[in-house]
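For reference, start24.cif (mmCIF, C-alpha atoms):
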data_entry
loop_
_atom_site.label_atom_id
_atom_site.label_comp_id
_atom_site.auth_asym_id
_atom_site.auth_seq_id
_atom_site.Cartn_x
_atom_site.Cartn_y
_atom_site.Cartn_z
CA MET A 8 -7.10 26.02 61.53
CA VAL A 9 -4.42 25.48 58.94
CA ASN A 10 -6.68 23.25 56.85
CA ARG A 11 -9.46 25.80 57.02
CA PHE A 12 -7.12 28.57 55.97
CA THR A 13 -5.76 26.43 53.13
CA SER A 14 -9.26 25.59 51.90
CA ALA A 15 -10.29 29.23 52.01
CA ASN A 16 -7.16 30.29 50.15
CA ALA A 17 -7.67 27.59 47.51
CA ALA A 18 -11.31 28.61 47.10
CA ILE A 19 -10.39 32.26 46.57
CA THR A 20 -7.67 31.23 44.11
CA LEU A 21 -10.13 29.20 42.07
CA LYS A 22 -12.64 32.03 42.01
CA VAL A 23 -10.00 34.54 40.91
CA VAL A 24 -8.78 32.16 38.18
CA GLY A 25 -12.35 31.68 37.00
CA ILE A 26 -13.01 35.41 36.87
CA ILE A 27 -9.78 36.05 34.96
CA LEU A 28 -10.58 33.35 32.38
CA ILE A 29 -14.08 34.71 31.83
CA ALA A 30 -12.86 38.32 31.67
CA SER A 31 -10.07 37.42 29.22
CA PHE A 32 -12.60 35.78 26.89
CA LEU A 33 -14.88 38.83 27.01
CA LEU A 34 -11.90 41.09 26.31
CA ASP A 35 -10.83 38.92 23.36
CA PHE A 36 -14.40 38.97 22.10
CA LEU A 37 -14.50 42.77 22.09
CA VAL A 38 -11.09 43.03 20.39
CA LEU A 39 -12.04 40.53 17.69
CA LEU A 40 -15.08 42.58 16.75
CA PHE A 41 -12.86 45.37 15.37
CA PRO A 42 -12.83 46.38 12.61
CA PHE A 43 -16.58 45.84 12.75
CA GLN A 44 -17.79 44.52 9.36
CA PRO A 45 -21.01 42.60 9.97
CA THR A 46 -21.95 42.52 6.28
CA ASP A 47 -18.65 40.93 5.21
CA ARG A 48 -19.03 37.15 4.94
CA ILE A 49 -15.31 36.50 5.40
CA TRP A 50 -15.32 38.64 8.55
CA GLN A 51 -18.25 36.62 9.89
CA ILE A 52 -16.42 33.35 9.20
CA ASN A 53 -13.22 34.59 10.86
CA ILE A 54 -15.00 35.98 13.93
CA ALA A 55 -17.03 32.78 14.37
CA THR A 56 -13.90 30.64 14.07
CA ALA A 57 -11.97 32.76 16.57
CA ILE A 58 -14.81 32.85 19.11
CA VAL A 59 -15.51 29.12 18.92
CA ASP A 60 -11.80 28.32 19.26
CA ARG A 61 -11.77 30.37 22.48
CA GLY A 62 -15.17 29.12 23.65
CA ILE A 63 -13.77 26.57 26.08
CA VAL A 64 -11.91 29.26 28.07
CA PRO A 65 -14.93 30.77 29.89
CA LEU A 66 -16.32 27.25 30.39
CA VAL A 67 -13.20 26.35 32.36
CA GLY A 68 -13.50 29.65 34.18
CA VAL A 69 -17.09 28.90 35.18
CA GLY A 70 -16.02 25.50 36.50
CA ALA A 71 -13.20 27.04 38.52
CA LEU A 72 -15.43 29.79 39.92
CA PHE A 73 -18.21 27.43 40.98
CA THR A 74 -15.71 25.00 42.49
CA GLY A 75 -14.22 27.82 44.53
CA GLN A 76 -17.67 28.92 45.67
CA TRP A 77 -18.56 25.36 46.69
CA MET A 78 -15.30 25.01 48.66
CA GLN A 79 -16.07 28.20 50.56
CA GLU A 80 -19.53 27.00 51.47
CA ALA A 81 -18.30 23.55 52.46
CA SER A 82 -15.54 24.91 54.70
CA ASP A 83 -17.79 27.47 56.44
CA SER A 84 -15.28 30.18 55.50
CA PRO A 85 -16.28 33.77 54.74
CA GLN A 86 -18.15 33.82 51.44
CA GLY A 87 -16.83 37.06 49.97
CA PHE A 88 -18.19 37.96 46.56
CA ASP A 89 -20.77 35.69 44.96
CA LEU A 90 -20.93 35.99 41.18
CA ARG A 91 -22.93 32.86 40.47
CA PHE A 92 -26.06 34.65 39.29
CA PRO A 93 -24.38 36.99 36.72
CA VAL A 94 -22.16 34.12 35.57
CA LEU A 95 -25.19 31.88 35.01
CA VAL A 96 -26.84 34.67 33.03
CA LEU A 97 -23.65 35.01 30.99
CA CYS A 98 -23.63 31.25 30.36
CA SER A 99 -27.20 31.43 29.07
CA ILE A 100 -26.26 34.29 26.73
CA LEU A 101 -23.17 32.47 25.49
CA GLY A 102 -25.23 29.33 24.95
CA LEU A 103 -27.67 31.21 22.73
CA MET A 104 -24.79 32.91 20.90
CA PHE A 105 -23.03 29.62 20.09
CA LEU A 106 -26.37 28.10 19.12
CA LEU A 107 -26.85 30.89 16.55
CA ILE A 108 -23.27 30.58 15.30
CA PHE A 109 -23.87 26.94 14.34
CA PRO A 110 -26.29 27.50 11.39
CA LEU A 111 -24.89 30.92 10.46
CA HIS A 112 -21.35 29.61 10.12
CA LEU A 113 -22.42 26.62 8.05
CA ASN A 114 -24.34 28.89 5.68
CA ASN A 115 -21.48 31.41 5.40
CA VAL A 116 -18.93 28.68 4.71
CA ARG A 117 -21.17 27.14 2.05
CA GLN A 118 -21.69 30.48 0.29
CA ALA A 119 -17.99 31.38 0.54
CA SER A 120 -17.05 28.00 -0.93
CA THR A 121 -19.48 28.47 -3.81
CA GLN A 122 -18.11 31.96 -4.49
CA THR A 123 -14.52 30.68 -4.42
CA VAL A 124 -15.30 27.81 -6.80
CA ASN A 125 -17.06 30.21 -9.19
CA GLN A 126 -14.03 32.51 -9.14
CA ILE A 127 -11.72 29.56 -9.83
CA ASN A 128 -13.87 28.52 -12.79
CA GLN A 129 -13.87 32.07 -14.15
CA ASP A 130 -10.07 32.33 -13.87
CA ALA A 131 -9.67 28.96 -15.59
CA ALA A 132 -12.04 30.01 -18.39
CA GLN A 133 -10.02 33.21 -18.95
CA ALA A 134 -6.78 31.22 -19.05
CA GLU A 135 -8.28 28.80 -21.59
CA ASN A 136 -9.42 31.71 -23.76
CA GLN A 137 -5.89 33.14 -23.70
CA VAL A 138 -4.43 29.79 -24.77
CA ASN A 139 -6.97 29.45 -27.58
CA ASN A 140 -6.26 33.00 -28.76
CA GLN A 141 -2.52 32.33 -28.76
CA LEU A 142 -3.11 29.11 -30.70
CA SER A 143 -5.13 31.00 -33.30
CA GLN A 144 -2.31 33.53 -33.68
CA PHE A 145 0.31 30.79 -34.10
CA GLN A 146 -1.80 28.98 -36.65
CA ALA A 147 -2.31 32.21 -38.55
CA GLN A 148 1.46 32.76 -38.65
CA LEU A 149 2.02 29.21 -39.95
CA ASN A 150 -0.29 29.87 -42.88
CA ASN A 151 2.40 31.99 -44.58
CA GLU A 152 5.79 30.90 -45.84
CA GLN A 153 7.75 33.03 -43.40
CA GLY A 154 6.09 31.39 -40.40
CA LYS A 155 6.69 27.92 -41.78
CA ALA A 156 10.33 28.75 -42.40
CA GLN A 157 10.80 30.00 -38.83
CA LEU A 158 9.22 26.83 -37.45
CA GLU A 159 11.46 24.60 -39.57
CA GLN A 160 14.50 26.60 -38.48
CA LEU A 161 13.53 26.19 -34.84
CA ARG A 162 13.15 22.43 -35.28
CA ALA A 163 16.49 22.17 -37.08
CA GLN A 164 18.26 24.05 -34.27
CA ALA A 165 16.71 21.84 -31.59
CA LYS A 166 17.65 18.66 -33.47
CA ALA A 167 21.21 19.88 -33.98
CA GLN A 168 21.64 20.55 -30.25
CA PHE A 169 20.33 17.13 -29.26
CA THR A 170 22.32 15.37 -31.98
CA GLU A 171 25.53 17.07 -30.85
CA LEU A 172 24.95 15.90 -27.28
CA LEU A 173 24.07 12.35 -28.29
CA ASN A 174 27.09 12.00 -30.58
CA ASN A 175 29.47 13.25 -27.89
CA GLU A 176 29.77 10.19 -25.64
CA GLN A 177 31.52 12.06 -22.83
CA ARG A 178 28.89 14.80 -22.62
CA TYR A 179 26.15 12.19 -22.97
CA GLN A 180 27.46 10.17 -20.01
CA GLU A 181 27.97 13.33 -17.95
CA ALA A 182 24.34 14.31 -18.59
CA LEU A 183 23.13 10.88 -17.46
CA LYS A 184 25.20 11.05 -14.26
CA SER A 185 24.47 14.70 -13.46
CA PRO A 186 22.08 15.17 -10.48
CA GLN A 187 20.94 18.46 -11.99
CA VAL A 188 19.34 16.74 -14.98
CA PRO A 189 15.81 15.50 -14.16
CA ALA A 190 15.16 11.76 -14.40
CA ALA A 191 12.54 12.29 -17.11
CA GLN A 192 15.07 14.04 -19.34
CA LYS A 193 17.60 11.27 -18.78
CA GLU A 194 15.04 8.71 -19.96
CA LEU A 195 14.41 10.80 -23.07
CA LEU A 196 18.13 10.97 -23.83
CA LYS A 197 18.40 7.19 -23.56
CA LYS A 198 15.41 6.79 -25.85
CA PHE A 199 16.87 9.21 -28.40
CA LYS A 200 20.21 7.39 -28.24
CA GLU A 201 18.62 4.02 -28.96
CA ASN A 202 16.21 5.28 -31.62
CA PRO A 203 17.01 8.59 -33.39
CA GLN A 204 13.50 8.65 -34.91
CA GLU A 205 12.10 9.28 -31.42
CA LEU A 206 14.02 12.56 -31.41
CA ASP A 207 12.20 13.74 -34.54
CA LYS A 208 8.84 12.83 -33.00
CA PHE A 209 9.69 14.63 -29.77
CA ILE A 210 10.79 17.81 -31.52
CA ALA A 211 7.68 17.76 -33.69
CA GLN A 212 5.46 17.41 -30.62
CA GLN A 213 7.25 20.16 -28.68
CA THR A 214 6.99 22.61 -31.59
CA ASP A 215 3.41 21.76 -32.55
CA PRO A 216 1.22 24.71 -31.51
CA LYS A 217 -1.90 22.54 -31.27
CA GLY A 218 -0.18 19.94 -29.09
CA LEU A 219 1.32 22.57 -26.81
CA ALA A 220 -2.05 24.29 -26.49
CA ASP A 221 -3.70 20.99 -25.59
CA GLN A 222 -1.08 20.40 -22.89
CA ARG A 223 -1.66 23.89 -21.47
CA LEU A 224 -5.41 23.32 -21.46
CA ILE A 225 -5.01 20.01 -19.64
CA GLN A 226 -2.79 21.69 -17.01
CA ILE A 227 -5.26 24.57 -16.56
CA ARG A 228 -8.19 22.21 -16.10
CA GLN A 229 -6.23 20.02 -13.70
CA ARG A 230 -5.29 23.04 -11.57
CA ARG A 231 -8.92 24.20 -11.70
CA ASP A 232 -10.18 20.83 -10.49
CA ASP A 233 -7.55 20.63 -7.73
CA ALA A 234 -8.27 24.17 -6.53
CA SER A 235 -12.03 23.56 -6.54
CA LYS A 236 -11.62 20.32 -4.60
CA GLN A 237 -9.36 22.01 -2.06
CA ALA A 238 -11.83 24.88 -1.58
CA LYS A 239 -14.69 22.44 -1.03
CA ASP A 240 -12.63 20.31 1.36
CA ASN A 241 -11.57 23.35 3.39
CA ALA A 242 -15.18 24.53 3.59
CA TRP A 243 -16.36 21.09 4.67
CA LYS A 244 -13.67 20.80 7.35
CA SER A 245 -14.28 24.31 8.66
CA GLY A 246 -18.04 23.83 8.73
CA LEU A 247 -17.76 20.49 10.50
CA ARG A 248 -15.15 21.55 13.07
CA ILE A 249 -16.49 24.98 13.95
CA GLY A 250 -20.14 24.01 13.55
CA MET A 251 -19.97 20.94 15.78
CA SER A 252 -17.76 22.71 18.34
CA SER A 253 -20.21 25.60 18.44
CA LEU A 254 -23.14 23.23 18.93
CA LEU A 255 -21.37 21.39 21.76
CA LEU A 256 -20.47 24.67 23.46
CA ALA A 257 -24.06 25.85 23.09
CA ILE A 258 -25.36 22.69 24.75
CA GLY A 259 -22.85 22.99 27.57
CA TYR A 260 -23.51 26.66 28.30
CA ILE A 261 -27.28 26.31 28.07
CA ILE A 262 -27.31 23.35 30.46
CA ILE A 263 -25.11 25.19 32.96
CA GLY A 264 -26.93 28.49 32.65
CA TRP A 265 -30.53 27.35 32.62
CA THR A 266 -30.08 24.57 35.15
CA GLY A 267 -28.23 26.89 37.50
CA LEU A 268 -30.80 29.67 37.18
CA ARG A 269 -33.64 27.22 37.72
CA GLY A 270 -31.88 25.95 40.81
CA MET A 271 -31.56 29.47 42.15
CA GLY A 272 -35.28 30.02 41.58
CA THR A 273 -34.99 32.78 38.96
CA LEU A 274 -36.78 30.85 36.24
CA GLN A 275 -39.70 30.24 38.60
CA GLY A 276 -40.30 33.84 39.56
CA GLY A 277 -38.16 33.73 42.69
CA LYS A 278 -35.21 35.83 43.66
CA PRO A 279 -31.60 34.76 43.45
CA LYS A 280 -30.62 32.92 46.56
CA GLY A 281 -28.15 34.59 48.82
CA LYS A 282 -25.43 33.05 50.85
CA VAL A 283 -25.82 29.63 52.31
CA PRO A 284 -25.98 29.97 56.09
CA ALA A 285 -23.13 28.45 57.98
CA ARG A 286 -23.85 25.15 59.66
#
Output the file's structure in the form of structure tokens.
Amino acid sequence: MVNRFTSANAAITLKVVGIILIASFLLDFLVLLFPFQPTDRIWQINIATAIVDRGIVPLVGVGALFTGQWMQEASDSPQGFDLRFPVLVLCSILGLMFLLIFPLHLNNVRQASTQTVNQINQDAAQAENQVNNQLSQFQAQLNNEQGKAQLEQLRAQAKAQFTELLNNEQRYQEALKSPQVPAAQKELLKKFKENPQELDKFIAQQTDPKGLADQRLIQIRQRRDDASKQAKDNAWKSGLRIGMSSLLLAIGYIIIGWTGLRGMGTLQGGKPKGKVPAR
């Protein structure tokens, strides 16, 4: 008697757990739909990702519900509510939904990636145009005597500051030992100390508008390439993870739904079977 009561209680518990899992997924599904923006590609990607990530929840619920139903039938305990037929119909619907998500998500991710890469290229092109315009302005200023004089004054000031530091052995050693000075700058100071001509070359490079513009252009193109690669990698990972997960969920739900309905006779024109008579 105790075993029968325990089996019946466990069966009811499993069925309740299954119903709660399925209901929680449906509730999440309805909440995720708002704000409803079916024409927004980003919204479609986000909703597909969220649904697929939660797709295993009702699958576990179906397993728990059917296990509870089987335990009730095996123990000859009162059957109570039988939700197998509506649950199998829901599984078939979910299977078709996840099957449609698979190609739609891949296409949306591909188009979103292409749009992102195009925007990155446009931003990089605008930044390059700004650098080129600034270079043209600097070169125009250097064509007159006043601009040349300002440039020479700037170079003289920079050389005087470095020379003062290099000639002061105490400050020079403090700079080399200071953790706040980057390692690259320390190497430059050592190079300038050993060969003062390297200081003139460095100052000339750092105050050359064309050289600075070329460095900026290299940095802009490097950031463009890195951002484009990251966008493509993210799209590939999202498409692979969500797409394959959606396909696997579709296969699982379709097998459960269609096999179960066929077993109950609904796909052959019959009526859903009722309770299994007690033995």
Give me the result of the PyMOL selection byres ((chain A and resi 222-238) around 12) on this file, residue by residue, as a PDB file with C-alpha atoms, in the coordinates of the input.
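The result, stored in out05.pdb:
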ATOM      1  CA  VAL A 116     -18.930  28.680   4.710  1.00  0.00           C
ATOM      2  CA  ARG A 117     -21.170  27.140   2.050  1.00  0.00           C
ATOM      3  CA  GLN A 118     -21.690  30.480   0.290  1.00  0.00           C
ATOM      4  CA  ALA A 119     -17.990  31.380   0.540  1.00  0.00           C
ATOM      5  CA  SER A 120     -17.050  28.000  -0.930  1.00  0.00           C
ATOM      6  CA  THR A 121     -19.480  28.470  -3.810  1.00  0.00           C
ATOM      7  CA  GLN A 122     -18.110  31.960  -4.490  1.00  0.00           C
ATOM      8  CA  THR A 123     -14.520  30.680  -4.420  1.00  0.00           C
ATOM      9  CA  VAL A 124     -15.300  27.810  -6.800  1.00  0.00           C
ATOM     10  CA  ASN A 125     -17.060  30.210  -9.190  1.00  0.00           C
ATOM     11  CA  GLN A 126     -14.030  32.510  -9.140  1.00  0.00           C
ATOM     12  CA  ILE A 127     -11.720  29.560  -9.830  1.00  0.00           C
ATOM     13  CA  ASN A 128     -13.870  28.520 -12.790  1.00  0.00           C
ATOM     14  CA  GLN A 129     -13.870  32.070 -14.150  1.00  0.00           C
ATOM     15  CA  ASP A 130     -10.070  32.330 -13.870  1.00  0.00           C
ATOM     16  CA  ALA A 131      -9.670  28.960 -15.590  1.00  0.00           C
ATOM     17  CA  ALA A 132     -12.040  30.010 -18.390  1.00  0.00           C
ATOM     18  CA  GLN A 133     -10.020  33.210 -18.950  1.00  0.00           C
ATOM     19  CA  ALA A 134      -6.780  31.220 -19.050  1.00  0.00           C
ATOM     20  CA  GLU A 135      -8.280  28.800 -21.590  1.00  0.00           C
ATOM     21  CA  ASN A 136      -9.420  31.710 -23.760  1.00  0.00           C
ATOM     22  CA  GLN A 137      -5.890  33.140 -23.700  1.00  0.00           C
ATOM     23  CA  VAL A 138      -4.430  29.790 -24.770  1.00  0.00           C
ATOM     24  CA  ASN A 139      -6.970  29.450 -27.580  1.00  0.00           C
ATOM     25  CA  GLN A 141      -2.520  32.330 -28.760  1.00  0.00           C
ATOM     26  CA  LEU A 142      -3.110  29.110 -30.700  1.00  0.00           C
ATOM     27  CA  GLN A 212       5.460  17.410 -30.620  1.00  0.00           C
ATOM     28  CA  GLN A 213       7.250  20.160 -28.680  1.00  0.00           C
ATOM     29  CA  ASP A 215       3.410  21.760 -32.550  1.00  0.00           C
ATOM     30  CA  PRO A 216       1.220  24.710 -31.510  1.00  0.00           C
ATOM     31  CA  LYS A 217      -1.900  22.540 -31.270  1.00  0.00           C
ATOM     32  CA  GLY A 218      -0.180  19.940 -29.090  1.00  0.00           C
ATOM     33  CA  LEU A 219       1.320  22.570 -26.810  1.00  0.00           C
ATOM     34  CA  ALA A 220      -2.050  24.290 -26.490  1.00  0.00           C
ATOM     35  CA  ASP A 221      -3.700  20.990 -25.590  1.00  0.00           C
ATOM     36  CA  LYS A 239     -14.690  22.440  -1.030  1.00  0.00           C
ATOM     37  CA  ASP A 240     -12.630  20.310   1.360  1.00  0.00           C
ATOM     38  CA  ASN A 241     -11.570  23.350   3.390  1.00  0.00           C
ATOM     39  CA  ALA A 242     -15.180  24.530   3.590  1.00  0.00           C
ATOM     40  CA  TRP A 243     -16.360  21.090   4.670  1.00  0.00           C
ATOM     41  CA  LYS A 244     -13.670  20.800   7.350  1.00  0.00           C
ATOM     42  CA  SER A 245     -14.280  24.310   8.660  1.00  0.00           C
TER      43      SER A 245
END
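Computed from the coordinates, the atom CA of A:Glu80 to atom CA of A:Gly259 distance equals 24.5 Å.
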- Query: Written as number ranges by chain, which residues does the PyMOL selection byres ((chain A and resi 97) around 10) give for the file shown?
  - Reply: A: 29, 65, 69, 91-96, 98-103, 260-261, 264
- Please evaluate the PyMOL selection byres ((chain A and resi 249-254) around 8) against the displayed coordinates and give the resulting residues as an NGL selection string. :A and (55-56 or 59-60 or 105-106 or 108-110 or 112-113 or 245-248 or 255-258)
- Query: Do you know which residues are at most 12 Å from A:Asp47 counting all atoms listed in the file, after dropping those on the same chain fewer than 4 positions away, and could you put them as a ChimeraX atom specification?
  - Reply: /A:42-43,51-54,115,118-119
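Minimum atom-to-atom distances from A:Ile26, A:Ser82, A:Phe199, A:Ile49 to A:Gly70 were compared using all atoms listed in the file, and the lowest value belongs to A:Ile26.
Among A:Leu173, A:Asp89, A:Ala156, A:Ala167, the residue with the shortest atom-to-atom distance to A:Asn202, counting all atoms listed in the file, is A:Leu173.
A straight line drawn from atom CA of A:Lys198 to atom CA of A:Gln160 is 23.5 Å long.
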- Name the closest residue to A:Asp35 among the candidates A:Thr13, A:Thr214, A:Lys22, A:Val64; distances are taken between atoms, counting all atoms listed in the file.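 That would be A:Val64, the residue with the smallest distance to A:Asp35.
Across A:Gly62, A:Glu176, A:Glu181, A:Ala30, the tightest approach to A:Lys193 is made by A:Glu181 when counting all atoms listed in the file.
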- Task: May I have the residues within 12 Å of A:Thr74 as a PyMOL selection string, using only C-alpha atoms and disregarding those fewer than 4 positions away in the same chain?
- Result: chain A and resi 14-15+17-25+67-70+78-81+91
- Note on the structure: The distance between atom CA of A:Ser143 and atom CA of A:Glu205 is 27.8 Å
- Shell of 10 Å around A:Leu33, all atoms listed in the file, local chain residues under 6 positions omitted, as a list in words: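 Close residues of A:Leu33: Ile27, Leu39, Ile58 and Pro65 of chain A.
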Could the residues in this selection be written to a file with C-alpha atoms, as a PDB file, in the frame of the given file?
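Result file is out01.pdb:
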ATOM      1  CA  ILE A  27      -9.780  36.050  34.960  1.00  0.00           C
ATOM      2  CA  LEU A  39     -12.040  40.530  17.690  1.00  0.00           C
ATOM      3  CA  ILE A  58     -14.810  32.850  19.110  1.00  0.00           C
ATOM      4  CA  PRO A  65     -14.930  30.770  29.890  1.00  0.00           C
TER       5      PRO A  65
END
Put a box with edges along x, y and z around all the listed atoms of stretch 55-64 of chain A, pad it by 8 Å on each side, then give me its centre and sizes in Å, one decimal, as AutoDock Vina command-line options.
--center_x -14.4 --center_y 29.7 --center_z 21.1 --size_x 21.3 --size_y 22.3 --size_z 30.0
